[in-house]
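> Dropping in run.cif, which is mmCIF, N, CA and C atoms:
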data_coords
#
loop_
_atom_site.label_atom_id
_atom_site.label_comp_id
_atom_site.auth_asym_id
_atom_site.auth_seq_id
_atom_site.Cartn_x
_atom_site.Cartn_y
_atom_site.Cartn_z
N MET A 510 122.03 139.33 133.34
CA MET A 510 122.85 140.51 133.34
C MET A 510 122.08 141.71 132.83
N ALA A 511 120.82 141.76 133.11
CA ALA A 511 120.00 142.87 132.66
C ALA A 511 120.48 144.21 133.21
N ASP A 512 121.26 144.19 134.31
CA ASP A 512 121.77 145.42 134.89
C ASP A 512 122.82 146.10 134.00
N LEU A 513 123.37 145.37 133.09
CA LEU A 513 124.42 145.91 132.23
C LEU A 513 123.81 146.51 130.98
N ASP A 514 123.94 147.81 130.83
CA ASP A 514 123.38 148.49 129.67
C ASP A 514 124.29 148.40 128.45
N ASP A 515 125.57 148.31 128.67
CA ASP A 515 126.55 148.31 127.61
C ASP A 515 126.70 146.90 127.05
N LEU A 516 126.40 146.73 125.77
CA LEU A 516 126.46 145.41 125.14
C LEU A 516 127.84 144.79 125.24
N ARG A 517 128.88 145.60 125.12
CA ARG A 517 130.22 145.02 125.17
C ARG A 517 130.50 144.44 126.56
N LEU A 518 129.95 145.05 127.62
CA LEU A 518 130.11 144.49 128.97
C LEU A 518 129.30 143.22 129.12
N GLN A 519 128.12 143.18 128.53
CA GLN A 519 127.30 141.97 128.57
C GLN A 519 128.03 140.81 127.93
N VAL A 520 128.63 141.06 126.77
CA VAL A 520 129.37 140.00 126.05
C VAL A 520 130.55 139.55 126.89
N ALA A 521 131.33 140.50 127.38
CA ALA A 521 132.54 140.16 128.13
C ALA A 521 132.24 139.37 129.40
N LEU A 522 131.16 139.70 130.09
CA LEU A 522 130.85 139.06 131.37
C LEU A 522 129.89 137.87 131.27
N ALA A 523 129.43 137.56 130.09
CA ALA A 523 128.49 136.44 129.92
C ALA A 523 129.02 135.12 130.51
N PRO A 524 130.29 134.79 130.33
CA PRO A 524 130.77 133.51 130.88
C PRO A 524 130.77 133.44 132.41
N VAL A 525 130.64 134.58 133.06
CA VAL A 525 130.67 134.61 134.53
C VAL A 525 129.38 135.22 135.09
N ALA A 526 128.30 135.00 134.39
CA ALA A 526 127.00 135.58 134.78
C ALA A 526 126.60 135.17 136.20
N TRP A 527 126.87 133.94 136.56
CA TRP A 527 126.49 133.49 137.90
C TRP A 527 127.33 134.18 138.96
N LEU A 528 128.62 134.34 138.71
CA LEU A 528 129.47 135.07 139.66
C LEU A 528 129.00 136.52 139.77
N TRP A 529 128.68 137.11 138.63
CA TRP A 529 128.19 138.50 138.61
C TRP A 529 126.95 138.63 139.50
N SER A 530 126.07 137.68 139.43
CA SER A 530 124.82 137.74 140.20
C SER A 530 125.07 137.65 141.70
N ARG A 531 126.22 137.15 142.10
CA ARG A 531 126.57 137.02 143.52
C ARG A 531 127.17 138.29 144.10
N LEU A 532 127.43 139.29 143.26
CA LEU A 532 128.03 140.54 143.72
C LEU A 532 126.95 141.54 144.11
N ASN A 533 127.24 142.35 145.13
CA ASN A 533 126.30 143.42 145.48
C ASN A 533 126.56 144.61 144.55
N GLY A 534 125.75 145.64 144.64
CA GLY A 534 125.85 146.78 143.73
C GLY A 534 127.20 147.47 143.74
N GLY A 535 127.77 147.65 144.92
CA GLY A 535 129.08 148.29 145.01
C GLY A 535 130.17 147.43 144.39
N GLN A 536 130.09 146.14 144.63
CA GLN A 536 131.07 145.23 144.04
C GLN A 536 130.94 145.21 142.53
N GLN A 537 129.70 145.21 142.04
CA GLN A 537 129.48 145.22 140.59
C GLN A 537 130.09 146.47 139.97
N ALA A 538 129.97 147.60 140.63
CA ALA A 538 130.53 148.85 140.11
C ALA A 538 132.05 148.75 140.00
N VAL A 539 132.69 148.17 141.01
CA VAL A 539 134.15 148.00 140.99
C VAL A 539 134.55 147.07 139.85
N VAL A 540 133.84 145.96 139.71
CA VAL A 540 134.15 144.99 138.65
C VAL A 540 133.92 145.62 137.28
N LEU A 541 132.84 146.39 137.12
CA LEU A 541 132.58 147.03 135.83
C LEU A 541 133.71 147.97 135.43
N ARG A 542 134.24 148.71 136.41
CA ARG A 542 135.37 149.60 136.09
C ARG A 542 136.58 148.79 135.65
N ALA A 543 136.83 147.69 136.31
CA ALA A 543 137.97 146.83 135.94
C ALA A 543 137.77 146.22 134.56
N VAL A 544 136.56 145.79 134.27
CA VAL A 544 136.26 145.22 132.95
C VAL A 544 136.41 146.28 131.87
N ASP A 545 135.94 147.46 132.16
CA ASP A 545 136.06 148.56 131.20
C ASP A 545 137.53 148.85 130.90
N ARG A 546 138.37 148.85 131.93
CA ARG A 546 139.81 149.06 131.74
C ARG A 546 140.42 147.92 130.93
N ALA A 547 140.02 146.70 131.22
CA ALA A 547 140.54 145.54 130.48
C ALA A 547 140.14 145.63 129.01
N LEU A 548 138.92 146.05 128.75
CA LEU A 548 138.47 146.20 127.36
C LEU A 548 139.24 147.30 126.65
N ASP A 549 139.53 148.38 127.34
CA ASP A 549 140.33 149.45 126.75
C ASP A 549 141.72 148.93 126.39
N THR A 550 142.31 148.17 127.30
CA THR A 550 143.64 147.60 127.04
C THR A 550 143.60 146.65 125.85
N LEU A 551 142.62 145.77 125.85
CA LEU A 551 142.49 144.81 124.73
C LEU A 551 142.26 145.52 123.41
N SER A 552 141.54 146.64 123.45
CA SER A 552 141.25 147.38 122.22
C SER A 552 142.51 147.93 121.58
N GLY A 553 143.59 148.04 122.36
CA GLY A 553 144.86 148.45 121.80
C GLY A 553 145.64 147.30 121.20
N ILE A 554 145.14 146.08 121.42
CA ILE A 554 145.83 144.88 120.94
C ILE A 554 145.05 144.22 119.80
N VAL A 555 143.73 144.14 119.98
CA VAL A 555 142.86 143.53 118.97
C VAL A 555 141.85 144.58 118.51
N ASP A 556 141.10 144.25 117.50
CA ASP A 556 140.06 145.15 117.01
C ASP A 556 139.10 145.51 118.15
N VAL A 557 138.70 146.75 118.21
CA VAL A 557 137.81 147.24 119.27
C VAL A 557 136.55 146.38 119.37
N LYS A 558 135.99 146.00 118.24
CA LYS A 558 134.77 145.20 118.24
C LYS A 558 135.00 143.78 118.73
N ALA A 559 136.23 143.29 118.61
CA ALA A 559 136.56 141.93 119.03
C ALA A 559 136.90 141.84 120.52
N ALA A 560 137.26 142.96 121.13
CA ALA A 560 137.74 142.96 122.51
C ALA A 560 136.78 142.28 123.50
N PRO A 561 135.47 142.56 123.46
CA PRO A 561 134.58 141.91 124.43
C PRO A 561 134.59 140.38 124.31
N GLN A 562 134.62 139.88 123.08
CA GLN A 562 134.63 138.43 122.91
C GLN A 562 135.96 137.83 123.32
N VAL A 563 137.04 138.55 123.09
CA VAL A 563 138.36 138.07 123.53
C VAL A 563 138.38 137.95 125.05
N LEU A 564 137.86 138.97 125.74
CA LEU A 564 137.79 138.91 127.19
C LEU A 564 136.87 137.79 127.66
N ALA A 565 135.74 137.62 126.99
CA ALA A 565 134.82 136.54 127.34
C ALA A 565 135.49 135.18 127.17
N ASN A 566 136.25 135.02 126.10
CA ASN A 566 136.96 133.75 125.88
C ASN A 566 137.98 133.50 126.98
N ARG A 567 138.66 134.55 127.39
CA ARG A 567 139.64 134.41 128.47
C ARG A 567 138.96 134.01 129.78
N LEU A 568 137.84 134.67 130.08
CA LEU A 568 137.11 134.32 131.30
C LEU A 568 136.58 132.89 131.24
N THR A 569 136.12 132.47 130.07
CA THR A 569 135.66 131.09 129.90
C THR A 569 136.80 130.12 130.22
N ASP A 570 137.98 130.40 129.69
CA ASP A 570 139.14 129.55 129.96
C ASP A 570 139.47 129.52 131.44
N ARG A 571 139.45 130.69 132.09
CA ARG A 571 139.79 130.78 133.51
C ARG A 571 138.77 130.05 134.39
N VAL A 572 137.49 130.16 134.03
CA VAL A 572 136.45 129.43 134.77
C VAL A 572 136.68 127.93 134.64
N GLY A 573 137.05 127.50 133.45
CA GLY A 573 137.34 126.08 133.24
C GLY A 573 138.52 125.61 134.06
N GLU A 574 139.52 126.46 134.20
CA GLU A 574 140.71 126.10 134.97
C GLU A 574 140.40 125.85 136.44
N VAL A 575 139.42 126.56 136.99
CA VAL A 575 139.08 126.37 138.40
C VAL A 575 138.01 125.31 138.60
N GLY A 576 137.48 124.77 137.51
CA GLY A 576 136.48 123.72 137.61
C GLY A 576 135.05 124.21 137.60
N GLY A 577 134.84 125.48 137.28
CA GLY A 577 133.49 126.02 137.18
C GLY A 577 133.24 127.12 138.19
N GLU A 578 132.26 127.94 137.87
CA GLU A 578 131.93 129.10 138.72
C GLU A 578 131.57 128.70 140.15
N ALA A 579 130.94 127.55 140.32
CA ALA A 579 130.48 127.13 141.64
C ALA A 579 131.65 126.93 142.61
N LEU A 580 132.85 126.74 142.10
CA LEU A 580 134.01 126.52 142.97
C LEU A 580 134.73 127.81 143.37
N VAL A 581 134.26 128.93 142.86
CA VAL A 581 134.86 130.22 143.20
C VAL A 581 134.25 130.71 144.52
N ARG A 582 135.09 130.86 145.54
CA ARG A 582 134.60 131.25 146.86
C ARG A 582 134.46 132.76 147.01
N ASP A 583 135.29 133.53 146.32
CA ASP A 583 135.29 134.99 146.44
C ASP A 583 135.09 135.57 145.03
N PRO A 584 133.84 135.73 144.61
CA PRO A 584 133.57 136.17 143.23
C PRO A 584 134.26 137.48 142.85
N MET A 585 134.21 138.46 143.74
CA MET A 585 134.80 139.75 143.41
C MET A 585 136.32 139.63 143.27
N GLY A 586 136.96 139.02 144.22
CA GLY A 586 138.40 138.84 144.17
C GLY A 586 138.82 138.05 142.95
N TRP A 587 138.08 137.00 142.67
CA TRP A 587 138.41 136.15 141.52
C TRP A 587 138.27 136.95 140.23
N LEU A 588 137.16 137.68 140.07
CA LEU A 588 136.95 138.46 138.85
C LEU A 588 138.01 139.54 138.68
N LEU A 589 138.36 140.21 139.75
CA LEU A 589 139.35 141.28 139.65
C LEU A 589 140.74 140.72 139.33
N ALA A 590 141.01 139.52 139.74
CA ALA A 590 142.31 138.89 139.46
C ALA A 590 142.40 138.38 138.03
N ARG A 591 141.27 138.24 137.37
CA ARG A 591 141.29 137.73 136.02
C ARG A 591 141.24 138.84 135.01
#
Can I see the file as structure tokens?


Amino acid sequence: MADLDDLRLQVALAPVAWLWSRLNGGQQAVVLRAVDRALDTLSGIVDVKAAPQVLANRLTDRVGEVGGEALVRDPMGWLLAR
């Protein structure tokens, strides 16, 4: 995830690094905006510094529910739905 300059985005998206790598630049931009919005929302619920890890934990749980990243057929759609 070297493309991500913002540490909070790196933390939040770490559990889905392989899915992230499957997205093209335009798709990554869309997902980054969605993640940024999710982090803003979470920051109103939990401590701002905790929000990236809370989102990462949620993504970890969701990846586990589908049986792993390799089983996700539409990475962008899946990420945006989570």

> Which of these, A:Ala538, A:Gly586, A:Arg546, A:Ala521, has the shortest distance to Ala565 of chain A once you count all atoms listed in the file?

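Looking only at the distances to Ala565 of chain A, the closest residue turns out to be A:Ala521.
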
> Name all residues at most 10 Å from Trp587 of chain A (count only C-alpha atoms; drop same-chain ones fewer than 3 positions away) and give them as a list in words.

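In the requested form, the answer reads Leu528, Arg571, Val572, Glu578, Val581, Arg582, Asp583, Pro584, Ala590 and Arg591 of chain A.
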
> Measure the distance from atom N of Gln537 of chain A to atom C of Pro561 of chain A in Å and round it to one decimal.

19.0 Å

> Enter the distance from atom CA of Leu532 of chain A to atom N of Leu588 of chain A, in Å, rounded to one decimal.

10.2 Å

> So the first atom is atom CA of Ala560 of chain A and the second is atom CA of Gln519 of chain A; what is the distance between them in Å, to one decimal place?

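For atom CA of Ala560 of chain A relative to atom CA of Gln519 of chain A, the distance reads 12.1 Å.
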
> Padding 3 Å on each side, edges along x, y and z: where is the centre of the box around the listed atoms of segment 565-573 of chain A, and how long are its edges in Å to one decimal? Output it as lines of an AutoDock Vina configuration file.


center_x = 137.3
center_y = 131.6
center_z = 130.3
size_x = 11.0
size_y = 18.0
size_z = 14.9

> Enumerate as a VMD selection string all residues of segment 538-585 of chain A assigned to alpha helix (DSSP H) by DSSP on the backbone, naming them with the chain letters and numbers the document uses.

chain A and resid 538 to 552 560 to 575 584 to 585

> Could you tell me which residues the PyMOL selection byres ((chain A and resi 520) around 8) grabs in this file, written as an MDAnalysis selection string?

chainID A and resid 515:519 521:525 560:566

> Since the input lacks atoms, please generate N, CA, C and O atoms for segment 547-558 of chain A and provide them as a compact mmCIF listing (two decimals), in the coordinates of the input.


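Output file rebuild.txt follows:
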# COMPACT_ATOMS: atom_id res chain seq x y z
N ALA A 547 140.02 146.70 131.22
CA ALA A 547 140.54 145.54 130.48
C ALA A 547 140.14 145.63 129.01
O ALA A 547 140.96 145.34 128.12
N LEU A 548 138.92 146.05 128.75
CA LEU A 548 138.47 146.20 127.36
C LEU A 548 139.24 147.30 126.65
O LEU A 548 139.60 147.15 125.47
N ASP A 549 139.53 148.38 127.34
CA ASP A 549 140.33 149.45 126.75
C ASP A 549 141.72 148.93 126.39
O ASP A 549 142.25 149.22 125.31
N THR A 550 142.31 148.17 127.30
CA THR A 550 143.64 147.60 127.04
C THR A 550 143.60 146.65 125.85
O THR A 550 144.45 146.73 124.95
N LEU A 551 142.62 145.77 125.85
CA LEU A 551 142.49 144.81 124.73
C LEU A 551 142.26 145.52 123.41
O LEU A 551 142.73 145.07 122.37
N SER A 552 141.54 146.64 123.45
CA SER A 552 141.25 147.38 122.22
C SER A 552 142.51 147.93 121.58
O SER A 552 142.52 148.24 120.39
N GLY A 553 143.59 148.04 122.36
CA GLY A 553 144.86 148.45 121.80
C GLY A 553 145.64 147.30 121.20
O GLY A 553 146.65 147.50 120.53
N ILE A 554 145.14 146.08 121.42
CA ILE A 554 145.83 144.88 120.94
C ILE A 554 145.05 144.22 119.80
O ILE A 554 145.63 143.78 118.82
N VAL A 555 143.73 144.14 119.98
CA VAL A 555 142.86 143.53 118.97
C VAL A 555 141.85 144.58 118.51
O VAL A 555 141.76 145.66 119.08
N ASP A 556 141.10 144.25 117.50
CA ASP A 556 140.06 145.15 117.01
C ASP A 556 139.10 145.51 118.15
O ASP A 556 138.74 144.65 118.95
N VAL A 557 138.70 146.75 118.21
CA VAL A 557 137.81 147.24 119.27
C VAL A 557 136.55 146.38 119.37
O VAL A 557 136.10 146.06 120.48
N LYS A 558 135.99 146.00 118.24
CA LYS A 558 134.77 145.20 118.24
C LYS A 558 135.00 143.78 118.73
O LYS A 558 134.08 143.13 119.21
